[in-house]
Structures are given as structure tokens and as C-alpha cells.
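Here the structure is laid out as C-alpha cells; the discussion comes afterwards.
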Amino acid sequence: MNIDQFNFAGKKAIVRVDFNVPLDENGNVTDETRIKGALPTLKKVLADGGALIMMSHMGKPKGKVKKELSLSQIVKNVSANLGVEVKFAADCANADAEVAELKPGEALLLENLRFYPEEEGKPVGVEKGTPEFDEAKKEMKGRQKDFAKKLASYADCYVMDAFGTAHRKHASTAVIADYFDADNKMLGYLMEKEVTAVDNVLSNIKRPFTAIMGGSKVSTKIGIIENLLGKVDNLILCGGMTYTFSKALGGEIGKSICENDKLDVALEVIKKAKENNVNLVLGTDCIAADDFKNDANTQICPVNAIPEGWEGLDAGPETRKAFAAAIEDAKTILWNGPAGVFEFDNFIGGSKAIADAIAKATANGAFSLIGGGDSVACINKFGMADQVSYISTGGGALLEAIEGKVLPGIAAIKG
């Protein structure tokens, strides 16, 4: 079913949203991007005259109730954005009374789904790889179905609009869909936009195609890097993983972050890039610091000659120029992961240079997709969200989609 064609009048709709938003130490929301992203779907339910039930996870409570991860802290933000007073159910698996009282045009937010281990479906308290674990896994699968059935019982229809969790086969993202027929389950507007954006990058490529992969570890990005090597014209690798590549090529990297067990993987990536005629852009210089803090002493040095006791925390000036050159002429751009420790204001220069080049290319007609929490945080920190084509709300889900994997949250709706 397509959400545009569906009339929610008189129906109770349960919507899986991604309200896993960052909070400060006082429980205040510091970035409302994910709440705002869900609004078109949520407002459609209410405007049609439906009753809205929202469900989400927050953080990783691992099946335990943790006050600091309670969704009660975001009710005021959701209410303000939605324009209606949102009610709250303090127990997502026992919300029958709150659901029964819900009238058309009203909204209810359920407590953190992950306070129940059944949401993720992982056995708790047993060691992986043991016969007990296998037994517990089988038992948990049944409990997960019951949990999903309970959530489904609250509503007449189900909307999946949490792209950030679409790569997980959790109770609320995939299993719940089994309890609704094809005419009463659908993707929300945000999900549809995400799927279209990924499709634009992978199936509707306008060349040159430049992908920028950042982050600290090669290991977490190797699947997507390998997949991209068969698609892109330029591949920029930046951030902490720079130093694993530098060391693999025989460089001295001081105390920079490095995955010593992935040096062969780095060399294989360099080899495959050559074989695929991909212009692989690696850093040549960096801003090195004598401590991992904002006000550390710094110096510019080659990435393969970082002094002992110093670590690379940002891309250097020559590297920034090389990145910009590979981005500015592109017609399709994917950015996942910063070029440095952007949380420290003194080490945001590399990431800002990437953002500026992407904005310039976008203004010249490129399609730019920004995905992954840190890249999104960068774009928002620089106040440049309106200068790129699309900002994805999903980190892991986006990467798995670009890797070519089928996402359970989408398959559950589309079959």
C-alpha cells in the first residue's frame, strides 16, 4: 500500500519512527533532525482523522529499563513539532488503556521499545556459541513474535518510517508487519524518500561519481568500500582510517589510530582501485596533535612522517585541496564520515573543506547524498543542510543499502 493513497480516517495507526535523538546531560534534545524528518508521515495520519501511535527505540539499554534513555524526555519536543499535545505510555508492552482512550486526531508515544529484550530478539545473559545460547535464541524468537503481535494489536494499520533501523529484523521494524495484510501496511514518506535517494546514488548515477568515506576504522567500512569500487570514479578515504593506509604503505604514523590487523586489507583496496580505474584519493598531509584534545599543540606534517608521540586529528591543507578537486566536478556525491575529529572545533577544517566542495558541486547541479550520523552532524554544525540534495537519517541502514543488501524493514512491507 502507498501512504498517499491510504485514508487513516477513523483508524489507529502505529508508526515506527526513529526518535533515537541525541540528548545532553539534562535530558534535553540537542538535534531534532530525526523528529522533523518523521513529521510528514505523522501529520498525514492526524490530518486524515486518524489516531497516531508512535514507537521508537533510544540508545542501547539492552533489554533493561534505563531512566536516562526514556522517551518521556522527548515528549515536549515531539508535541511542539507535531502541533498536538502528545500523550505518553510508560510501558510499550502494556499500553492498552492509553490506546483505548486515544481519539482521532490525538497522538501517543510509547516508551523505549528496547527496554524489552524481545524488541531486538537477542538472548540475554547466555554466552554466544553455547548450546544454551541456541536454545535461548529459539525461545527468544517466539517471545519476539508475541511482543510484535502485542504492538500490532494496538492499531488497524502499520507504517514503517524508521530508515535508521530498517537494516535490523526487530519486532517493531519487520516482525510486526506479519500481523497486517498488504492493504494495511506501508512505508512512510521518509522511508520512501530514503529509498529514492539511495536509488539515485546507485541506479541513476550521473558521472563523475565521487564517494567520500570517513571514520576511524577500515573494518567497519570495508563492505561498502568494496562495493563502491565497482561504481565510483573517485573514492576519497579520510578520517582515522587514513593512518591504517599510511602505515600499510610503510609510513610512520606516530600514535595515530590504526588497525594493525587490517594493513593487508588497505593494500587490497589500493590494488582493487587501480584495477577498477578508480581515482583513490588518500591524505598526503595532516594536522597532527600532541594530545587528543581541542587545545593540544599542533603541526602540519606528511601522513607518512608523523613524529613519535603525535597523532593525526584532521586533514592537512594539501589534502583538503585534493579532496575539493575530486568533489567539485562530480555530478553524483555520497558522503559518509568526517575527515577529522570534528567534535573539536580546532579540527573541523578538513570536514568543512569537504562540505564546502559538496555545496559548490550541488549548486552546479550534482546530486549529493549525506548519510551517517557524523556526516549529518557535520553538515548541521556548519549550517549547510540546505546546500546539499539529501540528508539521510540512517547510518548503518544507508551503508547496508549502498552495499546492496536487502533491508528487512523494507522487505517486510514490499515483500
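Simple scheme: letters A, B, ... for chains in C-alpha cells order, numbers from 1 for residues in each chain, numbers from 1 for ligands in the order shown.
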Problem set entry | Contacts of Ile176 (chain A) at 9 Å (only C-alpha atoms; same-chain gap of 2+ positions) as a ChimeraX atom specification | /A:145,147-152,158,170-174,178-180,412
With the cut-off set at 10 Å and counting only C-alpha atoms, tabulate each residue of region 302-334 of chain A with an atom at most that distance from an atom of region 255-278 of chain A, showing the nearest atom pair and its distance in Å to one decimal, ordered by chain and increasing number, as a tab-separated table.
```
residue	atom	partner	partner_atom	distance
A:Val303	CA	A:Ser256	CA	9.7
A:Ile306	CA	A:Lys255	CA	8.3
A:Pro307	CA	A:Lys255	CA	8.4
A:Glu308	CA	A:Lys255	CA	6.6
A:Gly309	CA	A:Lys255	CA	5.6
A:Trp310	CA	A:Lys255	CA	5.7
A:Glu311	CA	A:Ser256	CA	4.1
A:Gly312	CA	A:Ser256	CA	5.5
A:Leu313	CA	A:Ser256	CA	7.9
```
Could you dump the residues just selected with all heavy atoms as an mmCIF file, in the first residue's frame?
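Everything below was put into selection-v7.cif:
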```cif
data_model
loop_
_atom_site.group_PDB
_atom_site.id
_atom_site.type_symbol
_atom_site.label_atom_id
_atom_site.label_comp_id
_atom_site.auth_asym_id
_atom_site.auth_seq_id
_atom_site.Cartn_x
_atom_site.Cartn_y
_atom_site.Cartn_z
ATOM 1 N N VAL A 303 51.427 12.589 6.134
ATOM 2 C CA VAL A 303 50.749 11.486 6.834
ATOM 3 C C VAL A 303 51.675 10.289 7.025
ATOM 4 O O VAL A 303 51.397 9.424 7.858
ATOM 5 C CB VAL A 303 49.454 11.020 6.109
ATOM 6 C CG1 VAL A 303 48.380 12.070 6.137
ATOM 7 C CG2 VAL A 303 49.736 10.557 4.697
ATOM 8 N N ILE A 306 54.679 11.220 10.673
ATOM 9 C CA ILE A 306 54.158 11.859 11.893
ATOM 10 C C ILE A 306 55.121 11.528 13.033
ATOM 11 O O ILE A 306 55.453 10.357 13.250
ATOM 12 C CB ILE A 306 52.722 11.353 12.212
ATOM 13 C CG1 ILE A 306 51.769 11.684 11.047
ATOM 14 C CG2 ILE A 306 52.201 11.962 13.509
ATOM 15 C CD1 ILE A 306 50.397 11.039 11.141
ATOM 16 N N PRO A 307 55.601 12.547 13.760
ATOM 17 C CA PRO A 307 56.588 12.289 14.815
ATOM 18 C C PRO A 307 56.037 11.392 15.929
ATOM 19 O O PRO A 307 54.820 11.351 16.170
ATOM 20 C CB PRO A 307 56.905 13.693 15.362
ATOM 21 C CG PRO A 307 56.395 14.649 14.334
ATOM 22 C CD PRO A 307 55.267 13.972 13.642
ATOM 23 N N GLU A 308 56.931 10.700 16.589
ATOM 24 C CA GLU A 308 56.586 9.859 17.741
ATOM 25 C C GLU A 308 55.861 10.713 18.781
ATOM 26 O O GLU A 308 56.262 11.846 19.053
ATOM 27 C CB GLU A 308 57.896 9.294 18.344
ATOM 28 C CG GLU A 308 57.694 8.097 19.251
ATOM 29 C CD GLU A 308 57.022 6.923 18.567
ATOM 30 O OE1 GLU A 308 57.422 6.548 17.446
ATOM 31 O OE2 GLU A 308 56.067 6.391 19.159
ATOM 32 N N GLY A 309 54.785 10.179 19.344
ATOM 33 C CA GLY A 309 54.052 10.911 20.381
ATOM 34 C C GLY A 309 53.001 11.872 19.837
ATOM 35 O O GLY A 309 52.273 12.504 20.597
ATOM 36 N N TRP A 310 52.923 12.004 18.520
ATOM 37 C CA TRP A 310 51.920 12.873 17.886
ATOM 38 C C TRP A 310 50.919 12.006 17.135
ATOM 39 O O TRP A 310 51.224 10.872 16.739
ATOM 40 C CB TRP A 310 52.588 13.852 16.915
ATOM 41 C CG TRP A 310 53.423 14.890 17.608
ATOM 42 C CD1 TRP A 310 54.600 14.684 18.284
ATOM 43 C CD2 TRP A 310 53.140 16.289 17.709
ATOM 44 N NE1 TRP A 310 55.067 15.871 18.802
ATOM 45 C CE2 TRP A 310 54.205 16.875 18.460
ATOM 46 C CE3 TRP A 310 52.116 17.112 17.236
ATOM 47 C CZ2 TRP A 310 54.243 18.234 18.754
ATOM 48 C CZ3 TRP A 310 52.163 18.477 17.517
ATOM 49 C CH2 TRP A 310 53.211 19.027 18.270
ATOM 50 N N GLU A 311 49.692 12.545 16.929
ATOM 51 C CA GLU A 311 48.661 11.783 16.204
ATOM 52 C C GLU A 311 47.912 12.684 15.229
ATOM 53 O O GLU A 311 47.670 13.864 15.516
ATOM 54 C CB GLU A 311 47.681 11.114 17.175
ATOM 55 C CG GLU A 311 46.959 12.066 18.121
ATOM 56 C CD GLU A 311 46.168 11.332 19.195
ATOM 57 O OE1 GLU A 311 45.443 10.387 18.851
ATOM 58 O OE2 GLU A 311 46.271 11.728 20.389
ATOM 59 N N GLY A 312 47.568 12.126 14.080
ATOM 60 C CA GLY A 312 46.813 12.881 13.086
ATOM 61 C C GLY A 312 45.357 13.021 13.497
ATOM 62 O O GLY A 312 44.694 12.022 13.764
ATOM 63 N N LEU A 313 44.876 14.280 13.584
ATOM 64 C CA LEU A 313 43.483 14.507 14.003
ATOM 65 C C LEU A 313 42.636 15.206 12.941
ATOM 66 O O LEU A 313 41.435 15.358 13.108
ATOM 67 C CB LEU A 313 43.437 15.326 15.310
ATOM 68 C CG LEU A 313 44.010 14.671 16.572
ATOM 69 C CD1 LEU A 313 43.692 15.530 17.797
ATOM 70 C CD2 LEU A 313 43.478 13.260 16.783
#
```
Exercise. Quick one: distance from CA of Glu318 (chain A) to CA of Val281 (chain A) in Å, one decimal?
Worked result: 11.7 Å
Problem set entry | helix (DSSP H, G or I) call set, DSSP backbone run, region 122-270 of chain A, as a ChimeraX atom specification | /A:131-152,163-165,175-179,182-184,189-202,222-228,241-248,260-270
Problem set entry | Long-range neighbours of Ile410 (chain A) as a PyMOL selection string, 12 Å cut-off, only C-alpha atoms, 2 positions minimum in chain | chain A and resi 159-169+173-175+177+185-188+191-192+194-195+397+401+405-408+412-415
For this session: From a DSSP calculation on the backbone, collect every residue of region 180-250 of chain A in strand (DSSP E) and output the set as a list in words.
Result: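 Everything in region 180-250 of chain A that counts as strand (DSSP E) is Lys185, Met186, Leu187, Phe209, Thr210, Ala211, Ile212, Met213, Asn234, Leu235, Ile236 and Leu237 of chain A.
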For this session: Can you pull out every residue within 8 Å of region 293-298 of chain A, counting only C-alpha atoms, but drop anything in the same chain fewer than 3 positions away, and send it as a PyMOL selection string?
Result: chain A and resi 287-290+344-347
Problem set entry | Exercise: Leu102 (chain A) partners within 9 Å, only C-alpha atoms, chain neighbours under 5 positions left out, as a ChimeraX atom specification | /A:12,51-53,87,97,107-108
Residue selection dump (C-alpha atoms) as a JSON list (two decimals), in the first residue's frame:
```
[["chain", "number", "residue", "atom", "x", "y", "z"],
["A", 12, "LYS", "CA", -5.48, 3.79, 14.73],
["A", 51, "ALA", "CA", -5.28, 8.29, 15.86],
["A", 52, "LEU", "CA", -1.47, 8.20, 15.96],
["A", 53, "ILE", "CA", 0.65, 5.76, 17.97],
["A", 87, "LYS", "CA", 0.37, 11.57, 25.39],
["A", 97, "ALA", "CA", -5.51, 1.62, 28.46],
["A", 107, "ALA", "CA", -1.17, 11.21, 19.38],
["A", 108, "LEU", "CA", 0.53, 8.77, 21.76]]
```
For this session: Return the single residue from A:Asn28, A:Ser351, A:Ser246, A:Asn94 that is closest to Gly214 (chain A), with distances computed using only C-alpha atoms.
Result: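 Answer, going by the shortest atom-to-atom distance: A:Ser351.
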Distance query region 331-333 of chain A at most 7 Å, only C-alpha atoms, self and fewer than 6 positions along chain excluded, as a PDB file with C-alpha atoms, in the first residue's frame:
```
ATOM      1  CA  VAL A 201      23.063   7.249  -5.997  1.00  0.00           C
ATOM      2  CA  ILE A 205      24.362   7.570 -11.454  1.00  0.00           C
ATOM      3  CA  LYS A 206      25.353  10.770 -13.222  1.00  0.00           C
ATOM      4  CA  ARG A 207      29.122  10.860 -13.702  1.00  0.00           C
ATOM      5  CA  PRO A 208      31.651  11.640 -12.410  1.00  0.00           C
ATOM      6  CA  PHE A 209      30.600   9.879  -9.160  1.00  0.00           C
ATOM      7  CA  THR A 210      32.644  10.759  -6.071  1.00  0.00           C
ATOM      8  CA  ALA A 211      32.211   8.935  -2.758  1.00  0.00           C
ATOM      9  CA  GLY A 365      23.781  20.521 -10.491  1.00  0.00           C
ATOM     10  CA  ALA A 366      25.262  17.496  -8.677  1.00  0.00           C
ATOM     11  CA  PHE A 367      23.082  15.124  -6.614  1.00  0.00           C
ATOM     12  CA  SER A 368      24.630  14.959  -3.136  1.00  0.00           C
ATOM     13  CA  LEU A 369      23.616  12.418  -0.505  1.00  0.00           C
TER      14      LEU A 369
END
```
Within 9 Å of Pro40 (chain A) using only C-alpha atoms, minus same-chain residues under 3 positions, as a PDB file with N, CA and C atoms, in the first residue's frame:
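As written to disk, selection_30.pdb reads:
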```
ATOM      1  N   LYS A  36      11.950  15.961  13.062  1.00  0.00           N
ATOM      2  CA  LYS A  36      11.427  16.744  11.930  1.00  0.00           C
ATOM      3  C   LYS A  36      11.259  15.865  10.685  1.00  0.00           C
ATOM      4  N   GLY A  37      12.160  14.918  10.502  1.00  0.00           N
ATOM      5  CA  GLY A  37      12.092  14.040   9.338  1.00  0.00           C
ATOM      6  C   GLY A  37      10.836  13.186   9.296  1.00  0.00           C
ATOM      7  N   LYS A  43       1.918  13.793  10.409  1.00  0.00           N
ATOM      8  CA  LYS A  43       0.873  14.800  10.162  1.00  0.00           C
ATOM      9  C   LYS A  43      -0.187  14.289   9.193  1.00  0.00           C
ATOM     10  N   LYS A  44       0.202  13.424   8.265  1.00  0.00           N
ATOM     11  CA  LYS A  44      -0.763  12.834   7.322  1.00  0.00           C
ATOM     12  C   LYS A  44      -1.790  11.986   8.085  1.00  0.00           C
ATOM     13  N   VAL A  45      -1.316  11.192   9.061  1.00  0.00           N
ATOM     14  CA  VAL A  45      -2.219  10.358   9.873  1.00  0.00           C
ATOM     15  C   VAL A  45      -3.239  11.241  10.586  1.00  0.00           C
ATOM     16  N   GLY A 188       6.451   4.890   5.210  1.00  0.00           N
ATOM     17  CA  GLY A 188       6.124   6.294   5.402  1.00  0.00           C
ATOM     18  C   GLY A 188       6.862   7.155   4.380  1.00  0.00           C
ATOM     19  N   TYR A 189       6.572   8.453   4.398  1.00  0.00           N
ATOM     20  CA  TYR A 189       7.188   9.379   3.433  1.00  0.00           C
ATOM     21  C   TYR A 189       8.714   9.414   3.546  1.00  0.00           C
ATOM     22  N   LEU A 190       9.213   9.390   4.786  1.00  0.00           N
ATOM     23  CA  LEU A 190      10.654   9.461   4.995  1.00  0.00           C
ATOM     24  C   LEU A 190      11.336   8.229   4.396  1.00  0.00           C
TER      25      LEU A 190
END
```
For this session: Work out how far apart CA of Ala330 (chain A) and CA of Cys286 (chain A) are and give it in Å to one decimal.
Result: 24.1 Å
For this session: Would you mind telling me which residue in A:Pro22, A:Pro104, A:Pro302, A:Gly27 lies nearest to Ile253 (chain A) when using only C-alpha atoms?
Result: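 Checking each candidate against Ile253 (chain A), we get A:Pro302 as the closest.
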Exercise. Looking at A:Lys231, A:Gly142, A:Asn184, A:Asn2, which one is nearest to Ser203 (chain A), with distances taken over only C-alpha atoms?
Worked result: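 Closest to Ser203 (chain A) of all the choices is A:Lys231.
Of the listed residues (A:Leu237, A:Leu399, A:Ile300, A:Val84), A:Ile300 comes nearest to Gly316 (chain A); the distances count only C-alpha atoms.
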